[in-house]
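File shown: run.cif (mmCIF, N, CA and C atoms).
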```
data_target
loop_
_atom_site.label_atom_id
_atom_site.label_comp_id
_atom_site.auth_asym_id
_atom_site.auth_seq_id
_atom_site.Cartn_x
_atom_site.Cartn_y
_atom_site.Cartn_z
N MET A 25 92.84 161.05 98.70
CA MET A 25 92.89 162.08 99.70
C MET A 25 91.84 161.76 100.78
N PRO A 26 92.19 161.79 102.06
CA PRO A 26 91.24 161.50 103.14
C PRO A 26 90.02 162.42 103.10
N GLY A 27 88.86 161.82 103.30
CA GLY A 27 87.62 162.59 103.33
C GLY A 27 87.05 162.92 101.97
N SER A 28 87.67 162.45 100.91
CA SER A 28 87.18 162.77 99.57
C SER A 28 86.42 161.59 98.98
N PHE A 29 85.68 161.85 97.94
CA PHE A 29 84.95 160.83 97.22
C PHE A 29 85.49 160.75 95.80
N SER A 30 85.57 159.56 95.29
CA SER A 30 85.96 159.34 93.91
C SER A 30 84.90 158.49 93.25
N PHE A 31 84.68 158.72 91.99
CA PHE A 31 83.69 157.97 91.25
C PHE A 31 84.35 157.29 90.07
N LEU A 32 83.96 156.08 89.84
CA LEU A 32 84.48 155.31 88.72
C LEU A 32 83.30 155.03 87.80
N THR A 33 83.36 155.56 86.61
CA THR A 33 82.27 155.38 85.66
C THR A 33 82.82 154.83 84.36
N GLY A 34 81.94 154.26 83.58
CA GLY A 34 82.34 153.74 82.28
C GLY A 34 81.24 152.87 81.72
N VAL A 35 81.35 152.56 80.47
CA VAL A 35 80.35 151.74 79.81
C VAL A 35 80.45 150.31 80.32
N SER A 36 79.41 149.57 80.12
CA SER A 36 79.37 148.17 80.53
C SER A 36 80.52 147.41 79.86
N GLY A 37 81.26 146.63 80.66
CA GLY A 37 82.36 145.85 80.12
C GLY A 37 83.69 146.57 80.05
N SER A 38 83.76 147.79 80.57
CA SER A 38 85.01 148.55 80.45
C SER A 38 86.03 148.24 81.55
N GLY A 39 85.65 147.41 82.54
CA GLY A 39 86.60 146.99 83.56
C GLY A 39 86.45 147.63 84.92
N LYS A 40 85.32 148.30 85.18
CA LYS A 40 85.12 148.95 86.49
C LYS A 40 85.16 147.92 87.61
N SER A 41 84.41 146.86 87.47
CA SER A 41 84.37 145.83 88.52
C SER A 41 85.72 145.15 88.68
N SER A 42 86.39 144.89 87.59
CA SER A 42 87.72 144.27 87.66
C SER A 42 88.70 145.18 88.39
N PHE A 43 88.63 146.46 88.12
CA PHE A 43 89.50 147.42 88.79
C PHE A 43 89.26 147.40 90.30
N LEU A 44 87.99 147.42 90.72
CA LEU A 44 87.68 147.38 92.15
C LEU A 44 88.11 146.06 92.77
N LYS A 45 87.98 144.97 92.04
CA LYS A 45 88.44 143.67 92.55
C LYS A 45 89.95 143.67 92.74
N LEU A 46 90.67 144.37 91.89
CA LEU A 46 92.12 144.51 92.07
C LEU A 46 92.42 145.30 93.34
N LEU A 47 91.67 146.37 93.58
CA LEU A 47 91.88 147.18 94.77
C LEU A 47 91.61 146.40 96.05
N TYR A 48 90.66 145.49 96.00
CA TYR A 48 90.28 144.71 97.17
C TYR A 48 91.06 143.40 97.27
N LEU A 49 91.89 143.13 96.30
CA LEU A 49 92.70 141.91 96.23
C LEU A 49 91.84 140.66 96.04
N ASP A 50 90.66 140.86 95.48
CA ASP A 50 89.81 139.72 95.11
C ASP A 50 90.29 139.15 93.78
N LEU A 51 91.06 139.93 93.07
CA LEU A 51 91.63 139.56 91.78
C LEU A 51 93.06 140.08 91.76
N LEU A 52 93.97 139.26 91.32
CA LEU A 52 95.36 139.69 91.21
C LEU A 52 95.72 139.85 89.74
N PRO A 53 96.58 140.81 89.43
CA PRO A 53 96.95 141.01 88.02
C PRO A 53 97.72 139.83 87.46
N THR A 54 97.55 139.58 86.19
CA THR A 54 98.29 138.50 85.53
C THR A 54 99.63 139.01 84.99
N TRP A 55 99.81 140.31 84.96
CA TRP A 55 101.08 140.91 84.56
C TRP A 55 101.16 142.30 85.18
N GLY A 56 102.35 142.83 85.24
CA GLY A 56 102.57 144.16 85.81
C GLY A 56 102.67 144.11 87.32
N LEU A 57 102.63 145.28 87.91
CA LEU A 57 102.75 145.42 89.36
C LEU A 57 101.47 146.03 89.92
N LEU A 58 101.14 145.66 91.13
CA LEU A 58 100.01 146.26 91.83
C LEU A 58 100.50 146.71 93.19
N THR A 59 100.56 148.02 93.38
CA THR A 59 100.96 148.60 94.66
C THR A 59 99.71 149.17 95.30
N LEU A 60 99.43 148.72 96.49
CA LEU A 60 98.22 149.13 97.20
C LEU A 60 98.61 149.60 98.59
N LEU A 61 98.26 150.84 98.90
CA LEU A 61 98.59 151.44 100.19
C LEU A 61 100.09 151.32 100.48
N GLY A 62 100.88 151.54 99.43
CA GLY A 62 102.33 151.54 99.56
C GLY A 62 102.99 150.17 99.57
N ARG A 63 102.21 149.11 99.35
CA ARG A 63 102.76 147.74 99.38
C ARG A 63 102.56 147.07 98.02
N GLU A 64 103.62 146.45 97.51
CA GLU A 64 103.51 145.63 96.30
C GLU A 64 102.83 144.33 96.74
N VAL A 65 101.70 143.98 96.12
CA VAL A 65 100.88 142.90 96.64
C VAL A 65 101.16 141.52 96.04
N LEU A 66 101.76 141.45 94.88
CA LEU A 66 101.92 140.15 94.23
C LEU A 66 102.73 139.15 95.04
N ASN A 67 103.73 139.59 95.76
CA ASN A 67 104.59 138.68 96.50
C ASN A 67 104.24 138.59 97.98
N LEU A 68 103.14 139.20 98.39
CA LEU A 68 102.73 139.13 99.79
C LEU A 68 102.13 137.76 100.09
N SER A 69 102.33 137.30 101.30
CA SER A 69 101.71 136.04 101.73
C SER A 69 100.21 136.26 101.89
N TRP A 70 99.50 135.15 101.96
CA TRP A 70 98.05 135.23 102.16
C TRP A 70 97.73 136.02 103.42
N ARG A 71 98.50 135.79 104.48
CA ARG A 71 98.29 136.48 105.77
C ARG A 71 98.47 137.99 105.62
N HIS A 72 99.52 138.41 104.89
CA HIS A 72 99.76 139.84 104.71
C HIS A 72 98.68 140.47 103.82
N LYS A 73 98.20 139.73 102.84
CA LYS A 73 97.11 140.24 102.00
C LYS A 73 95.85 140.42 102.84
N ALA A 74 95.57 139.46 103.71
CA ALA A 74 94.40 139.58 104.60
C ALA A 74 94.54 140.79 105.50
N LYS A 75 95.72 141.03 106.02
CA LYS A 75 95.96 142.20 106.88
C LYS A 75 95.77 143.49 106.10
N LEU A 76 96.26 143.52 104.87
CA LEU A 76 96.10 144.70 104.02
C LEU A 76 94.62 144.95 103.72
N ARG A 77 93.87 143.88 103.51
CA ARG A 77 92.43 144.02 103.24
C ARG A 77 91.69 144.67 104.40
N GLN A 78 92.20 144.53 105.62
CA GLN A 78 91.54 145.13 106.77
C GLN A 78 91.57 146.65 106.72
N SER A 79 92.42 147.20 105.86
CA SER A 79 92.49 148.65 105.69
C SER A 79 91.53 149.15 104.62
N ILE A 80 90.79 148.23 104.02
CA ILE A 80 89.92 148.57 102.91
C ILE A 80 88.51 148.04 103.20
N GLY A 81 87.52 148.88 103.05
CA GLY A 81 86.14 148.45 103.16
C GLY A 81 85.50 148.49 101.78
N VAL A 82 84.82 147.43 101.42
CA VAL A 82 84.19 147.36 100.11
C VAL A 82 82.73 146.98 100.29
N ILE A 83 81.88 147.68 99.58
CA ILE A 83 80.46 147.35 99.57
C ILE A 83 80.13 146.94 98.14
N PHE A 84 79.76 145.69 97.98
CA PHE A 84 79.52 145.15 96.65
C PHE A 84 78.08 145.38 96.22
N GLN A 85 77.89 145.49 94.93
CA GLN A 85 76.56 145.66 94.37
C GLN A 85 75.66 144.49 94.74
N GLU A 86 76.21 143.29 94.80
CA GLU A 86 75.41 142.11 95.09
C GLU A 86 75.44 141.76 96.58
N PHE A 87 75.94 142.64 97.43
CA PHE A 87 75.95 142.58 98.90
C PHE A 87 76.89 141.53 99.48
N ARG A 88 76.95 140.33 98.95
CA ARG A 88 77.81 139.25 99.44
C ARG A 88 77.60 138.94 100.91
N LEU A 89 76.37 138.99 101.36
CA LEU A 89 76.06 138.57 102.73
C LEU A 89 76.02 137.05 102.78
N LEU A 90 76.46 136.47 103.88
CA LEU A 90 76.47 135.02 104.03
C LEU A 90 75.11 134.55 104.49
N SER A 91 74.47 133.71 103.69
CA SER A 91 73.08 133.31 103.93
C SER A 91 72.90 132.49 105.19
N HIS A 92 73.94 131.78 105.64
CA HIS A 92 73.81 130.95 106.85
C HIS A 92 74.10 131.71 108.14
N LEU A 93 74.43 133.00 108.04
CA LEU A 93 74.66 133.84 109.21
C LEU A 93 73.53 134.85 109.34
N SER A 94 73.17 135.18 110.56
CA SER A 94 72.16 136.21 110.79
C SER A 94 72.73 137.57 110.40
N VAL A 95 71.89 138.58 110.38
CA VAL A 95 72.31 139.93 110.04
C VAL A 95 73.43 140.38 110.97
N ILE A 96 73.22 140.22 112.27
CA ILE A 96 74.24 140.69 113.22
C ILE A 96 75.53 139.89 113.09
N GLU A 97 75.44 138.61 112.78
CA GLU A 97 76.63 137.79 112.59
C GLU A 97 77.38 138.21 111.33
N ASN A 98 76.66 138.58 110.27
CA ASN A 98 77.29 139.08 109.05
C ASN A 98 78.09 140.35 109.34
N VAL A 99 77.51 141.24 110.14
CA VAL A 99 78.18 142.50 110.45
C VAL A 99 79.37 142.27 111.37
N ALA A 100 79.23 141.38 112.35
CA ALA A 100 80.29 141.13 113.32
C ALA A 100 81.44 140.28 112.76
N LEU A 101 81.22 139.61 111.65
CA LEU A 101 82.20 138.67 111.11
C LEU A 101 83.63 139.24 110.99
N PRO A 102 83.83 140.45 110.45
CA PRO A 102 85.21 140.96 110.37
C PRO A 102 85.88 141.08 111.73
N LEU A 103 85.12 141.39 112.77
CA LEU A 103 85.70 141.49 114.11
C LEU A 103 86.04 140.11 114.66
N TRP A 104 85.18 139.13 114.41
CA TRP A 104 85.47 137.76 114.85
C TRP A 104 86.74 137.26 114.19
N MET A 105 86.88 137.58 112.91
CA MET A 105 88.06 137.11 112.17
C MET A 105 89.35 137.74 112.71
N ARG A 106 89.21 138.89 113.36
CA ARG A 106 90.38 139.55 113.96
C ARG A 106 90.59 139.12 115.41
N GLY A 107 89.71 138.26 115.92
CA GLY A 107 89.91 137.72 117.26
C GLY A 107 89.17 138.44 118.37
N LEU A 108 88.31 139.40 118.05
CA LEU A 108 87.55 140.09 119.09
C LEU A 108 86.48 139.15 119.63
N ASP A 109 86.26 139.18 120.93
CA ASP A 109 85.31 138.25 121.53
C ASP A 109 83.88 138.48 121.01
N GLY A 110 83.09 137.42 121.08
CA GLY A 110 81.75 137.43 120.51
C GLY A 110 80.82 138.49 121.07
N GLU A 111 80.84 138.69 122.37
CA GLU A 111 79.93 139.66 122.99
C GLU A 111 80.25 141.08 122.55
N ARG A 112 81.52 141.45 122.58
CA ARG A 112 81.91 142.81 122.16
C ARG A 112 81.67 143.01 120.66
N SER A 113 81.90 141.97 119.87
CA SER A 113 81.64 142.05 118.43
C SER A 113 80.16 142.30 118.17
N ARG A 114 79.31 141.59 118.89
CA ARG A 114 77.87 141.76 118.71
C ARG A 114 77.42 143.16 119.14
N GLU A 115 78.01 143.68 120.22
CA GLU A 115 77.68 145.04 120.67
C GLU A 115 78.02 146.06 119.60
N GLN A 116 79.23 145.95 119.05
CA GLN A 116 79.64 146.89 118.02
C GLN A 116 78.79 146.74 116.76
N ALA A 117 78.47 145.49 116.42
CA ALA A 117 77.62 145.26 115.25
C ALA A 117 76.24 145.87 115.46
N GLN A 118 75.70 145.73 116.65
CA GLN A 118 74.38 146.30 116.95
C GLN A 118 74.41 147.82 116.84
N GLU A 119 75.47 148.44 117.34
CA GLU A 119 75.61 149.89 117.23
C GLU A 119 75.63 150.33 115.77
N LEU A 120 76.37 149.62 114.95
CA LEU A 120 76.45 149.98 113.53
C LEU A 120 75.13 149.73 112.81
N LEU A 121 74.44 148.65 113.16
CA LEU A 121 73.13 148.40 112.54
C LEU A 121 72.18 149.55 112.87
N HIS A 122 72.22 150.02 114.09
CA HIS A 122 71.39 151.18 114.46
C HIS A 122 71.81 152.40 113.65
N TRP A 123 73.12 152.61 113.51
CA TRP A 123 73.65 153.76 112.78
C TRP A 123 73.20 153.77 111.32
N VAL A 124 73.13 152.58 110.69
CA VAL A 124 72.72 152.53 109.28
C VAL A 124 71.21 152.42 109.12
N GLY A 125 70.47 152.35 110.23
CA GLY A 125 69.01 152.35 110.15
C GLY A 125 68.37 150.99 110.01
N VAL A 126 69.02 149.94 110.49
CA VAL A 126 68.42 148.60 110.46
C VAL A 126 67.77 148.37 111.82
N ASP A 127 66.50 147.98 111.81
CA ASP A 127 65.76 147.77 113.04
C ASP A 127 66.40 146.70 113.91
N VAL A 128 66.28 146.89 115.23
CA VAL A 128 66.82 145.93 116.19
C VAL A 128 66.26 144.54 115.94
N GLU A 129 64.98 144.45 115.57
CA GLU A 129 64.35 143.16 115.33
C GLU A 129 64.98 142.41 114.15
N ALA A 130 65.56 143.14 113.24
CA ALA A 130 66.15 142.51 112.05
C ALA A 130 67.50 141.87 112.33
N ALA A 131 68.11 142.17 113.46
CA ALA A 131 69.46 141.69 113.76
C ALA A 131 69.56 140.17 113.76
N ASP A 132 68.53 139.48 114.20
CA ASP A 132 68.58 138.02 114.27
C ASP A 132 67.96 137.33 113.05
N LEU A 133 67.53 138.12 112.07
CA LEU A 133 67.00 137.56 110.84
C LEU A 133 68.14 137.15 109.93
N TYR A 134 67.80 136.38 108.90
CA TYR A 134 68.79 135.98 107.90
C TYR A 134 68.62 136.86 106.66
N PRO A 135 69.70 137.05 105.90
CA PRO A 135 69.65 137.96 104.76
C PRO A 135 68.50 137.70 103.78
N SER A 136 68.11 136.45 103.62
CA SER A 136 67.04 136.14 102.66
C SER A 136 65.71 136.80 103.02
N SER A 137 65.54 137.18 104.28
CA SER A 137 64.27 137.79 104.69
C SER A 137 64.30 139.32 104.62
N LEU A 138 65.40 139.89 104.15
CA LEU A 138 65.53 141.35 104.08
C LEU A 138 65.22 141.87 102.69
N ALA A 139 64.75 143.09 102.65
CA ALA A 139 64.57 143.80 101.38
C ALA A 139 65.94 144.25 100.88
N GLY A 140 66.03 144.59 99.62
CA GLY A 140 67.30 145.01 99.02
C GLY A 140 67.97 146.17 99.73
N GLY A 141 67.19 147.18 100.10
CA GLY A 141 67.76 148.33 100.80
C GLY A 141 68.31 147.97 102.17
N GLU A 142 67.64 147.04 102.85
CA GLU A 142 68.12 146.59 104.15
C GLU A 142 69.43 145.81 103.98
N LYS A 143 69.49 144.98 102.96
CA LYS A 143 70.73 144.24 102.69
C LYS A 143 71.88 145.20 102.42
N GLN A 144 71.59 146.26 101.69
CA GLN A 144 72.63 147.25 101.38
C GLN A 144 73.12 147.91 102.67
N ARG A 145 72.23 148.24 103.59
CA ARG A 145 72.63 148.87 104.85
C ARG A 145 73.45 147.90 105.70
N VAL A 146 73.08 146.63 105.69
CA VAL A 146 73.86 145.62 106.41
C VAL A 146 75.26 145.53 105.81
N ALA A 147 75.35 145.57 104.49
CA ALA A 147 76.65 145.52 103.81
C ALA A 147 77.50 146.74 104.17
N VAL A 148 76.87 147.91 104.29
CA VAL A 148 77.59 149.12 104.70
C VAL A 148 78.14 148.93 106.11
N ALA A 149 77.30 148.44 107.02
CA ALA A 149 77.73 148.23 108.40
C ALA A 149 78.91 147.26 108.46
N ARG A 150 78.83 146.17 107.70
CA ARG A 150 79.93 145.19 107.70
C ARG A 150 81.21 145.80 107.12
N ALA A 151 81.08 146.64 106.11
CA ALA A 151 82.27 147.23 105.48
C ALA A 151 82.99 148.20 106.40
N VAL A 152 82.28 148.87 107.30
CA VAL A 152 82.92 149.90 108.12
C VAL A 152 83.17 149.46 109.56
N ILE A 153 82.73 148.26 109.95
CA ILE A 153 82.87 147.86 111.35
C ILE A 153 84.32 147.76 111.80
N SER A 154 85.21 147.42 110.91
CA SER A 154 86.62 147.33 111.30
C SER A 154 87.36 148.64 111.10
N ARG A 155 86.61 149.71 110.83
CA ARG A 155 87.14 151.06 110.67
C ARG A 155 88.28 151.14 109.65
N PRO A 156 88.00 150.72 108.41
CA PRO A 156 89.05 150.75 107.38
C PRO A 156 89.43 152.19 107.04
N LYS A 157 90.66 152.34 106.59
CA LYS A 157 91.13 153.67 106.18
C LYS A 157 90.53 154.06 104.84
N ASN A 158 90.15 153.07 104.04
CA ASN A 158 89.65 153.31 102.69
C ASN A 158 88.38 152.52 102.49
N CYS A 159 87.39 153.13 101.85
CA CYS A 159 86.13 152.44 101.59
C CYS A 159 85.77 152.64 100.12
N TYR A 160 85.32 151.57 99.48
CA TYR A 160 84.95 151.63 98.07
C TYR A 160 83.56 151.07 97.89
N TRP A 161 82.80 151.68 97.04
CA TRP A 161 81.47 151.20 96.70
C TRP A 161 81.47 150.75 95.26
N GLN A 162 80.93 149.58 95.01
CA GLN A 162 80.81 149.10 93.64
C GLN A 162 79.35 149.30 93.24
N MET A 163 79.14 150.15 92.28
CA MET A 163 77.78 150.43 91.83
C MET A 163 77.72 150.28 90.33
N SER A 164 76.53 150.02 89.86
CA SER A 164 76.32 149.90 88.43
C SER A 164 75.30 150.94 88.00
N LEU A 165 75.57 151.61 86.93
CA LEU A 165 74.62 152.58 86.38
C LEU A 165 74.02 151.99 85.12
N ARG A 166 72.74 152.15 84.97
CA ARG A 166 72.10 151.67 83.75
C ARG A 166 72.48 152.56 82.59
N GLU A 167 72.69 151.93 81.50
CA GLU A 167 73.01 152.70 80.31
C GLU A 167 71.72 153.16 79.66
N THR A 168 71.74 154.38 79.15
CA THR A 168 70.53 154.91 78.50
C THR A 168 70.66 154.90 77.01
#
```

The structure given in the file should be rewritten as C-alpha cells.
Amino acid sequence: MPGSFSFLTGVSGSGKSSFLKLLYLDLLPTWGLLTLLGREVLNLSWRHKAKLRQSIGVIFQEFRLLSHLSVIENVALPLWMRGLDGERSREQAQELLHWVGVDVEAADLYPSSLAGGEKQRVAVARAVISRPKNCYWQMSLRET
C-alpha cells in the first residue's frame, strides 16, 4: 500500500535477505514463479529486468557503495545509467545529499573516508534519486 511501512523480521538464517534479494532481482528463484509489480520476472530480458529495478529502491545493510567513485558519483550513478547528463545528475545528487544530511565537503570524498552513518545516508540518497515507487531497507537485528 502506498505510504505504508512493512517490516520483515525473523531469526538468523530464516531467509530475510534472500527474500529481499528476490524482490530486487539480485537473486532469481530456482523454481516457482516470481511476479513483481505485476510482471512475471523469470522470462524477462536483462533489459526489462533493469527497467523493472528502476521502480525499486533498496538500501543494503552493507551499503554497496562503489569504492572507486566519489560520494556524489555514487549517488548520481542511477541517473547516469538512465542517460541523464552529468551536470544535471550531479545537481540532483547534491540536493539529495543535502536532504539526507551529508556535508557538501563530503561530496568529493570516497566511501572509505566516511563513517558508517554517513555511508548509510549516501546509500539512502542513491536509493531514492531515481524516485522509485517502492523502497526496501535490509536491516539486521541482533538476537538476544

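Proximity to Glu142 of chain A was assessed for A:Phe87, A:Asp109, A:Pro102, A:Lys73 counting only C-alpha atoms; the smallest distance is recorded for A:Phe87.
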
Exercise. Determine the residue set returned by the PyMOL selection byres (((chain A and resi 63 and name CA) around 12) and name CA) for the present structure, and present it as number ranges by chain.
Key: A: 47, 57-62, 64-69, 72-73, 75-77

(request) From a DSSP pass on the backbone, collect the residues of segment 79-148 of chain A flagged as strand (DSSP E) and hand them back as a list in words. (result) Ile80, Gly81, Val82 and Ile83 of chain A

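Residues in contact range of Met105 of chain A, defined as at most 12 Å between only C-alpha atoms, with sequence neighbours fewer than 4 positions away removed, read Ala74, Lys75, Gln78, Glu97, Asn98, Val99, Ala100, Leu101, Asp109, Gly110, Ser113, Ile153 and Ser154 of chain A.
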
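Atom C of Asp50 of chain A is found 24.3 Å from atom N of Ser94 of chain A.
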
Explicit residue set for the PyMOL selection byres (((chain A and resi 136 and name CA) around 12) and name CA), as a PyMOL selection string: chain A and resi 87-95+130+132-135+137-140+142-143

inquiry  = Going by the chain IDs and residue numbers used in this file, which residues fall under the PyMOL selection byres ((chain A and resi 148) around 8)? Write them as a ChimeraX atom specification.
reply    = /A:82-84,87,99,120-121,124,142-147,149-153

Correct to one decimal, the distance atom CA of Gly141 of chain A-atom N of Ser38 of chain A is 25.8 Å

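Taking atom CA of Leu49 of chain A and atom CA of Ala117 of chain A as endpoints, the distance between them is 24.5 Å.
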
DSSP on the backbone: what in chain A comes out alpha helix (DSSP H), as a PyMOL selection string?
chain A and resi 40-47+70-77+95-105+110-124+140-152

From the block you just saw, export segment 85-98 of chain A: N, CA and C atoms, as a short mmCIF file (atom, residue, chain, number, x, y, z; two decimals), in the first residue's frame.
```cif
data_model
loop_
_atom_site.label_atom_id
_atom_site.label_comp_id
_atom_site.auth_asym_id
_atom_site.auth_seq_id
_atom_site.Cartn_x
_atom_site.Cartn_y
_atom_site.Cartn_z
N GLN A 85 22.27 -3.37 3.98
CA GLN A 85 22.94 -3.27 5.26
C GLN A 85 24.42 -2.96 5.07
N GLU A 86 25.04 -3.51 4.04
CA GLU A 86 26.46 -3.31 3.82
C GLU A 86 26.73 -2.15 2.85
N PHE A 87 25.73 -1.34 2.54
CA PHE A 87 25.78 -0.10 1.76
C PHE A 87 26.04 -0.30 0.27
N ARG A 88 26.96 -1.16 -0.13
CA ARG A 88 27.28 -1.43 -1.52
C ARG A 88 27.67 -0.17 -2.30
N LEU A 89 28.39 0.72 -1.66
CA LEU A 89 28.91 1.90 -2.36
C LEU A 89 30.14 1.48 -3.16
N LEU A 90 30.34 2.07 -4.32
CA LEU A 90 31.48 1.73 -5.16
C LEU A 90 32.69 2.52 -4.71
N SER A 91 33.74 1.81 -4.31
CA SER A 91 34.91 2.45 -3.69
C SER A 91 35.68 3.35 -4.64
N HIS A 92 35.60 3.10 -5.95
CA HIS A 92 36.35 3.93 -6.91
C HIS A 92 35.58 5.17 -7.36
N LEU A 93 34.35 5.35 -6.86
CA LEU A 93 33.56 6.54 -7.17
C LEU A 93 33.45 7.42 -5.94
N SER A 94 33.42 8.72 -6.14
CA SER A 94 33.22 9.64 -5.03
C SER A 94 31.79 9.51 -4.51
N VAL A 95 31.52 10.15 -3.39
CA VAL A 95 30.18 10.12 -2.80
C VAL A 95 29.15 10.61 -3.80
N ILE A 96 29.41 11.76 -4.40
CA ILE A 96 28.43 12.32 -5.33
C ILE A 96 28.27 11.45 -6.57
N GLU A 97 29.33 10.81 -7.02
CA GLU A 97 29.25 9.91 -8.17
C GLU A 97 28.45 8.66 -7.82
N ASN A 98 28.60 8.15 -6.59
CA ASN A 98 27.80 7.00 -6.15
C ASN A 98 26.32 7.34 -6.17
#
```
